[in-house]
>>> print(open('target38.pdb').read())   # PDB, C-alpha atoms
ATOM      1  CA  MET A 246     -44.992  -1.892 -41.076
ATOM      2  CA  ALA A 247     -45.404  -3.433 -37.604
ATOM      3  CA  LYS A 248     -44.288  -6.802 -38.984
ATOM      4  CA  ASP A 249     -41.141  -5.236 -40.440
ATOM      5  CA  LYS A 250     -40.330  -3.600 -37.069
ATOM      6  CA  ASN A 251     -40.772  -6.910 -35.234
ATOM      7  CA  THR A 252     -38.528  -8.665 -37.738
ATOM      8  CA  MET A 253     -35.880  -5.969 -37.353
ATOM      9  CA  ARG A 254     -36.093  -6.129 -33.544
ATOM     10  CA  SER A 255     -35.708  -9.902 -33.617
ATOM     11  CA  ASN A 256     -32.717  -9.766 -35.985
ATOM     12  CA  PHE A 257     -31.156  -6.956 -33.948
ATOM     13  CA  ASN A 258     -31.441  -8.908 -30.683
ATOM     14  CA  GLU A 259     -29.966 -12.032 -32.300
ATOM     15  CA  GLN A 260     -26.964 -10.131 -33.602
ATOM     16  CA  ILE A 261     -26.436  -8.324 -30.288
ATOM     17  CA  GLN A 262     -26.478 -11.675 -28.463
ATOM     18  CA  PHE A 263     -23.890 -13.009 -30.932
ATOM     19  CA  ILE A 264     -21.659  -9.991 -30.275
ATOM     20  CA  LEU A 265     -22.005 -10.398 -26.506
ATOM     21  CA  MET A 266     -21.057 -14.071 -26.672
ATOM     22  CA  ASN A 267     -17.684 -13.063 -28.109
ATOM     23  CA  LYS A 268     -16.951 -10.420 -25.483
ATOM     24  CA  ARG A 269     -15.305 -10.765 -22.089
ATOM     25  CA  GLU A 270     -17.552 -11.479 -19.112
ATOM     26  CA  ASP A 271     -16.770  -8.058 -17.642
ATOM     27  CA  ASN A 272     -17.640  -6.250 -20.877
ATOM     28  CA  ASN A 273     -20.926  -7.775 -21.999
ATOM     29  CA  ALA A 274     -23.593  -5.878 -20.080
ATOM     30  CA  PHE A 275     -26.855  -5.818 -22.047
ATOM     31  CA  LEU A 276     -30.297  -5.199 -20.591
ATOM     32  CA  SER A 277     -33.162  -6.901 -22.353
ATOM     33  CA  THR A 278     -36.708  -5.555 -21.950
ATOM     34  CA  SER A 279     -37.467  -8.205 -19.337
ATOM     35  CA  ASP A 280     -34.237  -7.483 -17.423
ATOM     36  CA  TYR A 281     -34.948  -3.764 -17.514
ATOM     37  CA  SER A 282     -38.487  -4.319 -16.214
ATOM     38  CA  ARG A 283     -37.161  -6.540 -13.427
ATOM     39  CA  VAL A 284     -34.669  -3.875 -12.306
ATOM     40  CA  ILE A 285     -37.348  -1.175 -12.338
ATOM     41  CA  GLN A 286     -39.675  -3.360 -10.244
ATOM     42  CA  GLN A 287     -36.881  -3.980  -7.709
ATOM     43  CA  VAL A 288     -36.210  -0.235  -7.436
ATOM     44  CA  LYS A 289     -39.928   0.475  -6.909
ATOM     45  CA  LYS A 290     -40.147  -2.270  -4.293
ATOM     46  CA  SER A 291     -37.105  -0.941  -2.411
ATOM     47  CA  LYS A 292     -38.418   2.626  -2.504
ATOM     48  CA  LYS A 293     -41.752   1.486  -1.105
ATOM     49  CA  SER A 294     -40.013  -0.473   1.648
ATOM     50  CA  LEU A 295     -37.833   2.473   2.685
ATOM     51  CA  ASN A 296     -40.758   4.901   2.683
ATOM     52  CA  THR A 297     -43.162   2.657   4.639
ATOM     53  CA  VAL A 298     -43.027   2.942   8.420
ATOM     54  CA  GLY A 299     -42.871  -0.422  10.179
ATOM     55  CA  GLU A 300     -41.945  -2.424   7.079
ATOM     56  CA  LYS A 301     -38.776  -4.525   7.282
ATOM     57  CA  LYS A 302     -35.880  -2.966   5.386
ATOM     58  CA  THR A 303     -32.927  -4.932   4.011
ATOM     59  CA  THR A 304     -29.377  -3.943   3.097
ATOM     60  CA  LYS A 305     -30.272  -4.675  -0.517
ATOM     61  CA  ASP A 306     -33.038  -2.040  -0.400
ATOM     62  CA  TYR A 307     -30.538   0.642   0.633
ATOM     63  CA  ARG A 308     -27.990  -0.529  -1.943
ATOM     64  CA  VAL A 309     -30.551  -0.455  -4.785
ATOM     65  CA  ILE A 310     -31.685   3.089  -3.992
ATOM     66  CA  ARG A 311     -28.373   4.675  -3.013
ATOM     67  CA  HIS A 312     -25.647   4.905  -5.637
ATOM     68  CA  GLY A 313     -22.785   5.640  -3.200
ATOM     69  CA  GLY A 314     -21.929   9.200  -4.276
ATOM     70  CA  ARG A 315     -20.537  10.885  -7.361
ATOM     71  CA  ASN A 316     -17.030   9.375  -7.443
ATOM     72  CA  ARG A 317     -18.157   5.781  -7.044
ATOM     73  CA  MET A 318     -20.993   6.323  -9.505
ATOM     74  CA  VAL A 319     -18.617   7.751 -12.155
ATOM     75  CA  SER A 320     -16.171   4.882 -11.626
ATOM     76  CA  GLU A 321     -18.858   2.204 -11.977
ATOM     77  CA  LEU A 322     -20.305   3.858 -15.083
ATOM     78  CA  LYS A 323     -16.881   3.985 -16.749
ATOM     79  CA  ASN A 324     -16.324   0.298 -16.031
ATOM     80  CA  ASN A 325     -19.690  -0.844 -17.359
ATOM     81  CA  TYR A 326     -20.973   1.689 -19.901
ATOM     82  CA  CYS A 327     -19.861   4.249 -22.437
ATOM     83  CA  ASN A 328     -21.117   7.629 -23.679
ATOM     84  CA  ILE A 329     -22.470   8.629 -20.246
ATOM     85  CA  THR A 330     -21.523  12.313 -20.064
ATOM     86  CA  ASN A 331     -20.586  14.205 -16.916
ATOM     87  CA  GLU A 332     -23.404  16.617 -17.667
ATOM     88  CA  THR A 333     -25.917  13.745 -17.523
ATOM     89  CA  ILE A 334     -24.443  12.473 -14.258
ATOM     90  CA  MET A 335     -24.604  15.916 -12.652
ATOM     91  CA  VAL A 336     -28.255  16.345 -13.669
ATOM     92  CA  PHE A 337     -29.053  13.009 -12.002
ATOM     93  CA  LEU A 338     -27.161  13.937  -8.838
ATOM     94  CA  LYS A 339     -28.879  17.331  -8.593
ATOM     95  CA  LEU A 340     -32.262  15.617  -8.720
ATOM     96  CA  CYS A 341     -31.311  12.778  -6.338
ATOM     97  CA  ALA A 342     -33.199  13.052  -3.028
ATOM     98  CA  GLU A 343     -30.636  10.861  -1.199
ATOM     99  CA  CYS A 344     -27.786  13.159  -2.248
ATOM    100  CA  HIS A 345     -29.682  16.181  -0.925
ATOM    101  CA  LYS A 346     -30.125  14.394   2.411
ATOM    102  CA  LYS A 347     -26.383  13.705   2.590
ATOM    103  CA  THR A 348     -25.597  17.336   1.757
ATOM    104  CA  VAL A 349     -27.890  18.625   4.501
ATOM    105  CA  CYS A 350     -26.404  16.224   7.050
ATOM    106  CA  SER A 351     -22.844  17.213   6.166
ATOM    107  CA  LYS A 352     -23.649  20.900   6.675
ATOM    108  CA  ILE A 353     -25.317  20.608  10.073
ATOM    109  CA  SER A 354     -23.075  17.941  11.593
ATOM    110  CA  LEU A 355     -19.560  18.258  12.967
ATOM    111  CA  ALA A 356     -18.128  15.266  11.144
ATOM    112  CA  PRO A 357     -14.376  14.913  11.718
ATOM    113  CA  LYS A 358     -11.926  14.585   8.863
ATOM    114  CA  PRO A 359     -10.828  11.050   7.927
ATOM    115  CA  ILE A 360      -7.544   9.727   9.265
ATOM    116  CA  LEU A 361      -4.755  10.532   6.819
ATOM    117  CA  GLN A 362      -1.686   8.337   7.059
ATOM    118  CA  PRO A 363       1.598   9.858   5.820
ATOM    119  CA  THR A 364       3.285   6.541   5.051
ATOM    120  CA  PHE A 365       2.383   3.011   4.082
ATOM    121  CA  ASN A 366       1.789   0.654   7.021
ATOM    122  CA  SER A 367       1.874   3.365   9.670
ATOM    123  CA  ARG A 368      -1.597   2.249  10.863
ATOM    124  CA  ALA A 369      -3.779  -0.828  10.313
ATOM    125  CA  GLN A 370      -7.050  -2.208  11.649
ATOM    126  CA  VAL A 371      -8.055  -5.738  12.617
ATOM    127  CA  ASP A 372     -11.584  -6.907  13.399
ATOM    128  CA  LEU A 373     -13.673 -10.080  13.321
ATOM    129  CA  ILE A 374     -16.819 -10.992  11.391
ATOM    130  CA  ASP A 375     -18.957 -13.519  13.252
ATOM    131  CA  MET A 376     -19.860 -16.473  11.002
ATOM    132  CA  GLN A 377     -20.901 -18.922  13.739
ATOM    133  CA  SER A 378     -24.384 -19.233  12.256
ATOM    134  CA  ARG A 379     -22.718 -20.469   9.035
ATOM    135  CA  ARG A 380     -19.999 -22.606  10.599
ATOM    136  CA  HIS A 381     -18.127 -24.653   7.988
ATOM    137  CA  ASN A 382     -15.347 -27.198   8.673
ATOM    138  CA  ASP A 383     -14.921 -25.688  12.154
ATOM    139  CA  TYR A 384     -14.369 -22.186  10.713
ATOM    140  CA  ARG A 385     -16.516 -19.718  12.653
ATOM    141  CA  PHE A 386     -15.024 -16.249  12.134
ATOM    142  CA  ILE A 387     -13.452 -14.062   9.470
ATOM    143  CA  MET A 388     -10.456 -11.931  10.342
ATOM    144  CA  TYR A 389     -10.711  -8.590   8.550
ATOM    145  CA  TYR A 390      -7.435  -6.651   8.208
ATOM    146  CA  GLN A 391      -7.065  -3.269   6.500
ATOM    147  CA  GLU A 392      -4.020  -1.095   5.818
ATOM    148  CA  HIS A 393      -5.199   2.501   6.305
ATOM    149  CA  LEU A 394      -3.227   4.361   3.629
ATOM    150  CA  THR A 395      -4.210   2.165   0.658
ATOM    151  CA  LYS A 396      -7.445   0.720   2.162
ATOM    152  CA  TYR A 397      -6.170  -2.701   1.033
ATOM    153  CA  ILE A 398      -7.893  -5.535   2.914
ATOM    154  CA  MET A 399      -7.043  -9.127   3.788
ATOM    155  CA  LEU A 400      -9.612 -11.754   4.801
ATOM    156  CA  LYS A 401      -8.701 -14.906   6.733
ATOM    157  CA  PRO A 402     -10.993 -17.716   7.998
ATOM    158  CA  LEU A 403     -10.629 -18.498  11.701
ATOM    159  CA  LYS A 404     -11.732 -21.440  13.827
ATOM    160  CA  SER A 405     -11.749 -19.313  16.984
ATOM    161  CA  LYS A 406     -11.237 -15.740  18.091
ATOM    162  CA  CYS A 407      -8.332 -16.489  20.389
ATOM    163  CA  ALA A 408      -5.394 -14.082  20.220
ATOM    164  CA  GLU A 409      -2.919 -16.809  19.232
ATOM    165  CA  GLU A 410      -4.788 -17.834  16.058
ATOM    166  CA  ILE A 411      -5.285 -14.200  15.045
ATOM    167  CA  ALA A 412      -1.601 -13.458  15.671
ATOM    168  CA  TYR A 413      -0.436 -16.347  13.480
ATOM    169  CA  ASN A 414      -2.649 -15.118  10.629
ATOM    170  CA  LEU A 415      -1.318 -11.588  11.049
ATOM    171  CA  ILE A 416       2.232 -12.932  10.838
ATOM    172  CA  ASP A 417       1.382 -14.304   7.370
ATOM    173  CA  ILE A 418       0.352 -10.784   6.331
ATOM    174  CA  PHE A 419       3.257  -8.993   8.019
ATOM    175  CA  THR A 420       5.880 -11.225   6.401
ATOM    176  CA  LEU A 421       4.419 -10.283   2.994
ATOM    177  CA  PHE A 422       3.770  -6.554   3.414
ATOM    178  CA  GLY A 423       5.575  -5.643   6.616
ATOM    179  CA  ALA A 424       4.090  -4.834  10.021
ATOM    180  CA  PRO A 425       2.290  -1.576  10.893
ATOM    181  CA  THR A 426       3.428   0.797  13.612
ATOM    182  CA  ILE A 427      -0.075   1.128  15.075
ATOM    183  CA  LEU A 428      -2.712  -1.618  15.264
ATOM    184  CA  GLN A 429      -6.284  -0.669  16.143
ATOM    185  CA  SER A 430      -9.677  -2.337  16.362
ATOM    186  CA  CYS A 431     -13.292  -1.440  17.001
ATOM    187  CA  SER A 432     -13.288  -4.390  19.435
ATOM    188  CA  GLY A 433     -11.311  -2.370  21.965
ATOM    189  CA  LYS A 434      -7.926  -2.105  23.639
ATOM    190  CA  LYS A 435      -8.072  -5.431  25.503
ATOM    191  CA  PHE A 436      -8.673  -7.328  22.242
ATOM    192  CA  VAL A 437      -5.778  -5.671  20.394
ATOM    193  CA  THR A 438      -3.366  -5.734  23.326
ATOM    194  CA  SER A 439      -3.744  -9.512  23.703
ATOM    195  CA  ILE A 440      -2.978  -9.930  19.996
ATOM    196  CA  ILE A 441       0.070  -7.657  20.155
ATOM    197  CA  ASN A 442       1.406  -9.584  23.157
ATOM    198  CA  LYS A 443       1.110 -12.852  21.228
ATOM    199  CA  LEU A 444       2.808 -11.262  18.205
ATOM    200  CA  HIS A 445       5.758 -10.252  20.372
ATOM    201  CA  VAL A 446       6.067 -13.828  21.651
ATOM    202  CA  ILE A 447       5.970 -15.363  18.153
ATOM    203  CA  TRP A 448       8.147 -12.709  16.493
ATOM    204  CA  ASP A 449      10.249 -10.808  19.014
ATOM    205  CA  GLU A 450      11.596  -8.386  16.374
ATOM    206  CA  VAL A 451       8.215  -6.833  15.653
ATOM    207  CA  LYS A 452       7.238  -3.826  17.769
ATOM    208  CA  ILE A 453       3.643  -2.607  17.455
ATOM    209  CA  ASP A 454       1.654  -0.201  19.613
ATOM    210  CA  TYR A 455      -2.089  -0.073  20.232
ATOM    211  CA  GLY A 456      -4.024   2.833  18.737
ATOM    212  CA  TRP A 457      -7.596   4.008  19.340
ATOM    213  CA  PRO A 458      -9.876   4.348  16.302
ATOM    214  CA  LYS A 459      -9.977   8.140  15.920
ATOM    215  CA  HIS A 460     -13.723   8.620  15.461
ATOM    216  CA  SER A 461     -17.067   6.988  14.705
ATOM    217  CA  GLU A 462     -16.321   6.926  10.952
ATOM    218  CA  SER A 463     -13.907   4.046  11.581
ATOM    219  CA  GLN A 464     -16.681   2.030  13.225
ATOM    220  CA  GLU A 465     -19.115   2.839  10.405
ATOM    221  CA  SER A 466     -16.534   1.907   7.768
ATOM    222  CA  VAL A 467     -15.857  -1.454   9.432
ATOM    223  CA  GLU A 468     -19.573  -2.208   9.789
ATOM    224  CA  ARG A 469     -20.147  -1.299   6.140
ATOM    225  CA  THR A 470     -17.278  -3.537   5.012
ATOM    226  CA  ASN A 471     -18.579  -6.393   7.168
ATOM    227  CA  ARG A 472     -21.991  -6.113   5.504
ATOM    228  CA  ASP A 473     -20.399  -5.987   2.051
ATOM    229  CA  VAL A 474     -18.291  -9.085   2.721
ATOM    230  CA  GLN A 475     -21.243 -11.088   4.058
ATOM    231  CA  GLU A 476     -23.451 -10.067   1.130
ATOM    232  CA  MET A 477     -20.738 -10.980  -1.370
ATOM    233  CA  LEU A 478     -20.232 -14.322   0.376
ATOM    234  CA  SER A 479     -23.975 -15.038   0.225
ATOM    235  CA  ALA A 480     -24.036 -14.206  -3.494
ATOM    236  CA  TRP A 481     -20.993 -16.434  -4.121
ATOM    237  CA  MET A 482     -22.496 -19.386  -2.198
ATOM    238  CA  THR A 483     -25.786 -19.042  -4.067
ATOM    239  CA  LYS A 484     -24.047 -18.882  -7.436
ATOM    240  CA  LYS A 485     -21.761 -21.834  -6.668
ATOM    241  CA  ASP A 486     -24.464 -23.738  -4.735
ATOM    242  CA  SER A 487     -21.922 -24.230  -1.959
ATOM    243  CA  LEU A 488     -21.682 -23.560   1.792
ATOM    244  CA  ASP A 489     -17.881 -23.426   1.700
ATOM    245  CA  TRP A 490     -17.478 -19.713   2.499
ATOM    246  CA  PRO A 491     -13.835 -20.066   3.691
ATOM    247  CA  SER A 492     -12.842 -21.027   0.131
ATOM    248  CA  ALA A 493     -14.587 -17.925  -1.218
ATOM    249  CA  LEU A 494     -12.733 -15.412   0.962
ATOM    250  CA  LYS A 495      -9.749 -14.990  -1.384
ATOM    251  CA  PHE A 496     -12.046 -14.216  -4.306
ATOM    252  CA  ILE A 497     -14.110 -11.777  -2.219
ATOM    253  CA  GLN A 498     -10.916 -10.125  -1.013
ATOM    254  CA  PHE A 499      -9.668  -9.749  -4.597
ATOM    255  CA  LYS A 500     -12.987  -8.266  -5.738
ATOM    256  CA  LYS A 501     -13.153  -5.797  -2.844
ATOM    257  CA  ASN A 502      -9.590  -4.621  -3.478
ATOM    258  CA  ARG A 503     -10.363  -4.061  -7.179
ATOM    259  CA  THR A 504     -13.403  -1.885  -6.372
ATOM    260  CA  PHE A 505     -13.122   1.910  -6.552
ATOM    261  CA  HIS A 506     -12.741   3.479  -3.095
ATOM    262  CA  SER A 507     -13.996   7.073  -2.909
ATOM    263  CA  SER A 508     -11.732   8.180  -0.037
ATOM    264  CA  ILE A 509      -8.533   7.427  -2.003
ATOM    265  CA  GLY A 510      -9.871   8.084  -5.521
ATOM    266  CA  THR A 511      -8.837   4.694  -6.879
ATOM    267  CA  SER A 512      -9.057   1.009  -6.012
ATOM    268  CA  PRO A 513      -7.086  -0.370  -3.025
ATOM    269  CA  TYR A 514      -5.266  -2.721  -5.420
ATOM    270  CA  GLU A 515      -4.048   0.187  -7.566
ATOM    271  CA  ALA A 516      -3.104   2.171  -4.457
ATOM    272  CA  MET A 517      -1.091  -0.791  -3.170
ATOM    273  CA  PHE A 518       0.620  -1.974  -6.367
ATOM    274  CA  GLY A 519       0.436   1.014  -8.694
ATOM    275  CA  CYS A 520      -1.396  -0.821 -11.488
ATOM    276  CA  THR A 521      -4.768  -2.382 -12.230
ATOM    277  CA  ALA A 522      -5.333  -6.012 -11.287
ATOM    278  CA  ARG A 523      -5.022  -8.439 -14.180
ATOM    279  CA  ILE A 524      -6.846 -11.732 -14.693
ATOM    280  CA  GLY A 525      -4.743 -13.273 -17.420
ATOM    281  CA  PHE A 526      -6.127 -12.876 -20.937
ATOM    282  CA  GLU A 527      -9.471 -11.766 -19.484
ATOM    283  CA  SER A 528      -7.796  -8.413 -18.755
ATOM    284  CA  SER A 529      -6.848  -7.956 -22.418
ATOM    285  CA  ASN A 530      -8.944  -6.474 -25.204
ATOM    286  CA  LEU A 531      -9.080  -9.776 -27.071
ATOM    287  CA  PRO A 532     -12.558 -11.241 -27.724
ATOM    288  CA  ASN A 533     -13.409 -14.584 -26.129
ATOM    289  CA  ALA A 534     -13.377 -16.311 -29.507
ATOM    290  CA  GLU A 535      -9.681 -15.417 -29.899
ATOM    291  CA  ILE A 536      -8.741 -16.129 -26.273
ATOM    292  CA  THR A 537      -9.979 -19.730 -26.532
ATOM    293  CA  LYS A 538      -7.553 -20.306 -29.421
ATOM    294  CA  ILE A 539      -4.483 -19.281 -27.403
ATOM    295  CA  LYS A 540      -2.751 -22.280 -25.853
ATOM    296  CA  THR A 541       0.934 -21.287 -25.882
ATOM    297  CA  GLU A 542       3.046 -18.135 -25.943
ATOM    298  CA  GLU A 543       3.653 -18.712 -29.649
ATOM    299  CA  ASP A 544      -0.110 -18.529 -30.262
ATOM    300  CA  LEU A 545      -0.201 -15.198 -28.440
TER     301      LEU A 545
END
>>> encode(input="target38.pdb", output="structure tokens")
Amino acid sequence: MAKDKNTMRSNFNEQIQFILMNKREDNNAFLSTSDYSRVIQQVKKSKKSLNTVGEKKTTKDYRVIRHGGRNRMVSELKNNYCNITNETIMVFLKLCAECHKKTVCSKISLAPKPILQPTFNSRAQVDLIDMQSRRHNDYRFIMYYQEHLTKYIMLKPLKSKCAEEIAYNLIDIFTLFGAPTILQSCSGKKFVTSIINKLHVIWDEVKIDYGWPKHSESQESVERTNRDVQEMLSAWMTKKDSLDWPSALKFIQFKKNRTFHSSIGTSPYEAMFGCTARIGFESSNLPNAEITKIKTEEDL
């Protein structure tokens, strides 16, 4: 009997692997026993780290333990799995210690409401991510730009943090999407004002005013995005075995804009363009075996 079960398990795994090989890369999630064990060990390790006083804690530890709330969790599950019921999700959330902590904090604190923008491009934010420790081809900073209504971001590599270079990169964005009425930054009024002055010199038609970030949530959101971008860059460089992070920024930007954003209930890309982002045939329901055969429109 045991031999028959082992034979069945082996045949089952072989056939599952064959099926996965013919699926798209974004639709072939399958956890083997070893992968499952590895994930469980990582979760246990992160829990131990977070619960031990004096032990060094990493961003990865927090990311492994915390699922980011109900909306993001539901979105990620829909994108990667099927047959996960809302009832099951709610049971998990009710038992989640981290969720209970968030609930308690929200009740006792006086957290202000998020900034709601009535129109597209009425407010935007610009900040810098310091990459001097990973300098590449004289690029030392990343300019992070976000439109507040859609949460759509743009990432640009910079060789310096001078107002002129930042202004020229903003002009590239403004001539594509238009310029905001209000420009703000967690770096302060002096930083933004110098940029706005340069913008007026380069493009005298544009009129932008400085705006203060309304509350601490803006600062926390920027810091969280900065961490996300740097982690995604590190993962990309490890995967590609490359130190060329400036070349990766467009791909990181695209991935971030395709990710579900809880405050707007959709992805920034969908909020901006009104449709999901496509990646050629990879966005279709065709299996990989069929996609490789398509060379011309007639084949399609």
>>> residues_around(input="target38.pdb", residues="A:Gln498", least_positions_apart="2", cutoff="8 Å", atoms="only C-alpha atoms", output="list of chain:residue names")
A:Ile398, A:Met399, A:Leu400, A:Leu494, A:Lys495, A:Phe496, A:Lys500, A:Lys501, A:Asn502
>>> write_last_selection(input="target38.pdb", atoms="C-alpha atoms", output="tab-separated table (two decimals), in the coordinates of the input")
chain	number	residue	atom	x	y	z
A	398	ILE	CA	-7.89	-5.54	2.91
A	399	MET	CA	-7.04	-9.13	3.79
A	400	LEU	CA	-9.61	-11.75	4.80
A	494	LEU	CA	-12.73	-15.41	0.96
A	495	LYS	CA	-9.75	-14.99	-1.38
A	496	PHE	CA	-12.05	-14.22	-4.31
A	500	LYS	CA	-12.99	-8.27	-5.74
A	501	LYS	CA	-13.15	-5.80	-2.84
A	502	ASN	CA	-9.59	-4.62	-3.48
>>> residues_around(input="target38.pdb", residues="A:Ile441", least_positions_apart="5", cutoff="8 Å", atoms="only C-alpha atoms", output="PyMOL selection string")
chain A and resi 412+453-455
>>> resolve_selection(input="target38.pdb", expression="the PyMOL selection byres ((chain A and resi 385-395) around 6)", output="list of chain:residue names")
A:Gln362, A:Phe365, A:Arg368, A:Ala369, A:Gln370, A:Val371, A:Asp372, A:Leu373, A:Ile374, A:Asp375, A:Met376, A:Gln377, A:Arg380, A:Tyr384, A:Lys396, A:Tyr397, A:Ile398, A:Met399, A:Leu400, A:Lys401, A:Pro402, A:Leu403, A:Lys404, A:Pro513, A:Ala516, A:Met517
>>> atom_distance(input="target38.pdb", atom1="atom CA of A:Ser466", atom2="atom CA of A:Ile524")
28.0 Å
>>> residues_around(input="target38.pdb", residues="A:Ser512", least_positions_apart="6", cutoff="7 Å", atoms="only C-alpha atoms", output="CSV table (one decimal) with C-alpha atoms, keeping the file's coordinate frame")
chain,number,residue,atom,x,y,z
A,502,ASN,CA,-9.6,-4.6,-3.5
A,503,ARG,CA,-10.4,-4.1,-7.2
A,504,THR,CA,-13.4,-1.9,-6.4
A,505,PHE,CA,-13.1,1.9,-6.6
A,506,HIS,CA,-12.7,3.5,-3.1
>>> closest_residue(input="target38.pdb", among="A:Thr420, A:Asn382, A:Thr470, A:Gln429", to="A:Pro491", atoms="all atoms listed in the file")
A:Asn382
>>> closest_residue(input="target38.pdb", among="A:Thr252, A:Gln260, A:Ser430, A:Ser367", to="A:Val467", atoms="all atoms listed in the file")
A:Ser430
>>> atom_distance(input="target38.pdb", atom1="atom CA of A:Asn258", atom2="atom CA of A:Tyr326")
18.4 Å
>>> atom_distance(input="target38.pdb", atom1="atom CA of A:Lys434", atom2="atom CA of A:Glu410")
17.7 Å
